[in-house]
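Some notes on the structure that comes next.
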Amino acid sequence: MTAPHTAIRVSEIFGPTIQGEGMLIGLPTVFVRTGGCDYRCSWCDSLYAVDSRFRHEWEMMSTDALWQKVVALSGGRPVMVSLSGGNPAIQPLGALLDRGHRDGYRFALETQGSVARNWFAELDVLVLSPKPPSSEMATDWAAFDACVEAARGRPQIALKLVVFDDTDYAYARDAAARYPRLPVYLQPGNHTPPRPGDENAPIDMNGVMKRMEWLVEEVTRDRWFDARVLPQLHVLLWGNKRGV
Ligand SMILES: C[S@@+](CC[C@H](N)C(=O)[O-])C[C@H]1O[C@@H](n2cnc3c(N)ncnc32)[C@H](O)[C@@H]1O
Ligand SMILES: Nc1nc2[nH]cc(C(=O)O)c2c(=O)[nH]1
Ligand code: SF4
Ligand SMILES: [Mg+2]
């Protein structure tokens, strides 16, 4: 029996696939998606890891059991492990980082920046993705600052911003200006499938491509020359499919 305070709530573990977003795009990666989130973004593409109606799919796992699964998926060869969710920052992941580093693996973590943890300092990459107005969530910048502070030292830190419209773009500019030393990745928003976790729901690929093109126009017009604009590569390849 795993002690409750050390068990990790897991929605899914999958891979290796390629990282589809941001700084590590294209890199072979195993994903650990934790269950549960302190946000509920209007357009979250992973509601099956957020909405408690899906909790019957989530599993409480010990660090060892989780780690065995990652090792099995990667054939024991060190690979990048991406911790996503839900919000992985609300899970006890410090021991997992120790365990994996001993085996030569590297860890990236994706979070909205609402909860800071001391163990952020043990990550290799911290992707902070503050949520723009279209998400209908409000950013607590003090909490966000604490996340940046907690990760000073070892991890590379990047800002990843989802943009649906002008207001989101203005928010992204403001967020980037707050952290002038952090690299910025902009990704066009993709409208959420009507039913969470429905892998067959079609993607509005036209809309994604239009927003991508528009984002490139905005960035070049503003001479925002240190921002990078990237699509969600996995969405282009596989749409809403889970486990890829
Ligand atoms: C599902 S979230 C999980 C990690 C964490 N809760 C967060 O939001 O950063 C992973 C990434 O997907 C992005 N994302 C979620 N829904 C999206 C959508 N509909 N279109 C584009 N990106 C989306 C988030 O902004 C975040 O960068
Ligand atoms: N291939 C792939 N890349 C991703 N990058 C971020 C993802 C996420 O949902 O957190 C994700 C995902 O689910 N799949
Ligand atoms: S913070 Fe991330 S996981 Fe949580 S609802 Fe928003 S996009 Fe989804
Ligand atoms: Mg995703």
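Every chain in the structure tokens takes a letter, A first, then B, and so on in the order presented; its residues are numbered from 1, and the ligands are numbered from 1 following the presented order.
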What do you get as a ChimeraX atom specification if you pick all residues at most 12 Å from ligand 3, counting only C-alpha atoms and all ligand atoms? /A:11,33-52,83-90,109-115,127-139,160-162,189-192,196
Resulting file, chosen residues, C-alpha atoms, as an mmCIF file, in the first residue's frame:
```cif
data_model
loop_
_atom_site.group_PDB
_atom_site.id
_atom_site.type_symbol
_atom_site.label_atom_id
_atom_site.label_comp_id
_atom_site.auth_asym_id
_atom_site.auth_seq_id
_atom_site.Cartn_x
_atom_site.Cartn_y
_atom_site.Cartn_z
ATOM 1 C CA SER A 11 -4.202 10.087 -15.660
ATOM 2 C CA ARG A 33 0.046 13.114 -17.288
ATOM 3 C CA THR A 34 -1.094 13.631 -13.718
ATOM 4 C CA GLY A 35 -4.763 13.881 -12.731
ATOM 5 C CA GLY A 36 -6.316 16.990 -11.194
ATOM 6 C CA CYS A 37 -5.906 20.715 -11.737
ATOM 7 C CA ASP A 38 -6.471 23.871 -9.692
ATOM 8 C CA TYR A 39 -7.578 25.622 -12.933
ATOM 9 C CA ARG A 40 -10.276 24.886 -15.417
ATOM 10 C CA CYS A 41 -9.444 26.689 -18.628
ATOM 11 C CA SER A 42 -12.378 27.250 -20.970
ATOM 12 C CA TRP A 43 -10.424 25.619 -23.810
ATOM 13 C CA CYS A 44 -8.382 22.954 -21.970
ATOM 14 C CA ASP A 45 -7.513 20.177 -24.441
ATOM 15 C CA SER A 46 -6.878 17.681 -21.603
ATOM 16 C CA LEU A 47 -10.088 17.916 -19.563
ATOM 17 C CA TYR A 48 -9.997 14.167 -18.983
ATOM 18 C CA ALA A 49 -7.045 14.918 -16.683
ATOM 19 C CA VAL A 50 -8.798 17.880 -15.018
ATOM 20 C CA ASP A 51 -12.476 17.122 -14.624
ATOM 21 C CA SER A 52 -13.195 14.917 -11.605
ATOM 22 C CA LEU A 83 5.457 15.784 -16.591
ATOM 23 C CA SER A 84 2.167 17.348 -17.604
ATOM 24 C CA GLY A 85 -1.438 17.158 -16.519
ATOM 25 C CA GLY A 86 -3.681 18.544 -15.125
ATOM 26 C CA ASN A 87 -1.294 20.509 -12.950
ATOM 27 C CA PRO A 88 1.671 18.238 -12.096
ATOM 28 C CA ALA A 89 2.830 20.778 -9.498
ATOM 29 C CA ILE A 90 0.070 19.586 -7.133
ATOM 30 C CA LEU A 109 7.484 19.870 -16.351
ATOM 31 C CA GLU A 110 4.564 21.895 -17.757
ATOM 32 C CA THR A 111 2.552 24.030 -15.410
ATOM 33 C CA GLN A 112 0.427 27.160 -15.423
ATOM 34 C CA GLY A 113 2.562 28.642 -12.624
ATOM 35 C CA SER A 114 -0.054 28.710 -9.878
ATOM 36 C CA VAL A 115 1.771 26.442 -7.392
ATOM 37 C CA VAL A 127 7.784 25.236 -18.964
ATOM 38 C CA LEU A 128 5.600 27.943 -17.472
ATOM 39 C CA SER A 129 2.373 28.541 -19.327
ATOM 40 C CA PRO A 130 0.407 31.437 -17.786
ATOM 41 C CA LYS A 131 -3.154 31.503 -18.965
ATOM 42 C CA PRO A 132 -4.441 34.351 -21.175
ATOM 43 C CA PRO A 133 -7.895 35.993 -20.856
ATOM 44 C CA SER A 134 -9.603 33.587 -23.291
ATOM 45 C CA SER A 135 -9.002 30.783 -20.751
ATOM 46 C CA GLU A 136 -11.278 32.653 -18.277
ATOM 47 C CA MET A 137 -8.649 32.100 -15.568
ATOM 48 C CA ALA A 138 -6.920 34.946 -13.680
ATOM 49 C CA THR A 139 -3.141 34.903 -13.270
ATOM 50 C CA LYS A 160 4.769 29.087 -23.401
ATOM 51 C CA LEU A 161 1.713 31.140 -24.269
ATOM 52 C CA VAL A 162 -1.460 30.003 -25.959
ATOM 53 C CA GLY A 189 -5.041 27.895 -29.515
ATOM 54 C CA ASN A 190 -6.996 24.924 -30.766
ATOM 55 C CA HIS A 191 -10.705 24.745 -29.932
ATOM 56 C CA THR A 192 -11.528 22.079 -27.368
ATOM 57 C CA PRO A 196 -13.618 15.762 -23.109
#
```
Taking the DSSP assignment computed from this structure's backbone, write out as a ChimeraX atom specification all residues of segment 49-175 of chain A that belong to strand (DSSP E). /A:59-61,80-84,106-111,125-128,156-163
Tell me which protein, DNA and RNA residues are within 12 Å of Gln19 of chain A, counting only C-alpha atoms, leaving out same-chain ones fewer than 6 positions away, and put them as a list in words.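 Once the adjacent positions are removed, what remains is Ile25, Gly26, Leu27, Pro28, Thr29, Val30, Phe31, Val79, Met80, Val81, Ser82, Leu83, Ser84, Ala108, Leu109, Glu110, Pro231, Gln232, Leu233, His234, Val235, Leu237, Gly243 and Val244 of chain A.
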If we count only C-alpha atoms, what is near Ile8 of chain A at a cut-off of 8 Å, once residues fewer than 4 positions away on the same chain are taken out, given as a ChimeraX atom specification? /A:34,59-63,91-93
What does the file look like for those residues with C-alpha atoms, as a PDB file, in the first residue's frame?
```
ATOM      1  CA  THR A  34      -1.094  13.631 -13.718  1.00  0.00           C
ATOM      2  CA  GLU A  59      -4.695   5.810 -10.675  1.00  0.00           C
ATOM      3  CA  MET A  60      -2.796   6.478  -7.454  1.00  0.00           C
ATOM      4  CA  MET A  61       0.720   5.208  -8.117  1.00  0.00           C
ATOM      5  CA  SER A  62       3.847   4.929  -6.007  1.00  0.00           C
ATOM      6  CA  THR A  63       7.024   6.548  -7.323  1.00  0.00           C
ATOM      7  CA  GLN A  91       1.541  16.043  -7.069  1.00  0.00           C
ATOM      8  CA  PRO A  92       4.510  14.869  -4.938  1.00  0.00           C
ATOM      9  CA  LEU A  93       7.064  14.433  -7.728  1.00  0.00           C
TER      10      LEU A  93
END
```
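Between ligand 1 and the candidates A:Arg242, A:His56, A:Arg181, A:Arg106, the tightest atom-to-atom separation, counting only C-alpha atoms and all ligand atoms, involves A:Arg242.
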Contact residues around Ala227 of chain A with only C-alpha atoms at 8 Å, ignoring same-chain residues under 6 positions, as a compact mmCIF listing (two decimals) with N, CA and C atoms, in the first residue's frame:
```
# COMPACT_ATOMS: atom_id res chain seq x y z
N PRO A 183 13.02 32.70 -22.54
CA PRO A 183 12.62 32.50 -23.92
C PRO A 183 11.10 32.32 -24.02
N VAL A 184 10.53 32.81 -25.12
CA VAL A 184 9.06 32.83 -25.28
C VAL A 184 8.64 31.98 -26.48
N TYR A 185 7.67 31.12 -26.24
CA TYR A 185 7.07 30.29 -27.30
C TYR A 185 5.59 30.61 -27.36
N LEU A 186 5.13 30.96 -28.56
CA LEU A 186 3.71 31.28 -28.76
C LEU A 186 3.09 30.14 -29.54
N VAL A 219 3.77 39.02 -34.80
CA VAL A 219 5.12 39.01 -34.23
C VAL A 219 6.10 39.77 -35.14
```
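Each of A:Pro193, A:Val125, A:Ala172, A:Ala7 was compared to Leu96 of chain A using only C-alpha atoms, and A:Ala7 turns out to be the nearest.
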Nearest to ligand 1: which of A:Arg211, A:Arg152, A:Arg117, A:Arg53 is it, counting only C-alpha atoms and all ligand atoms? A:Arg211
Grab the atom CA of Thr6 of chain A to atom CA of Ala95 of chain A distance for me, in Å with one decimal place.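 Atom CA of Ala95 of chain A lies 8.7 Å from atom CA of Thr6 of chain A.
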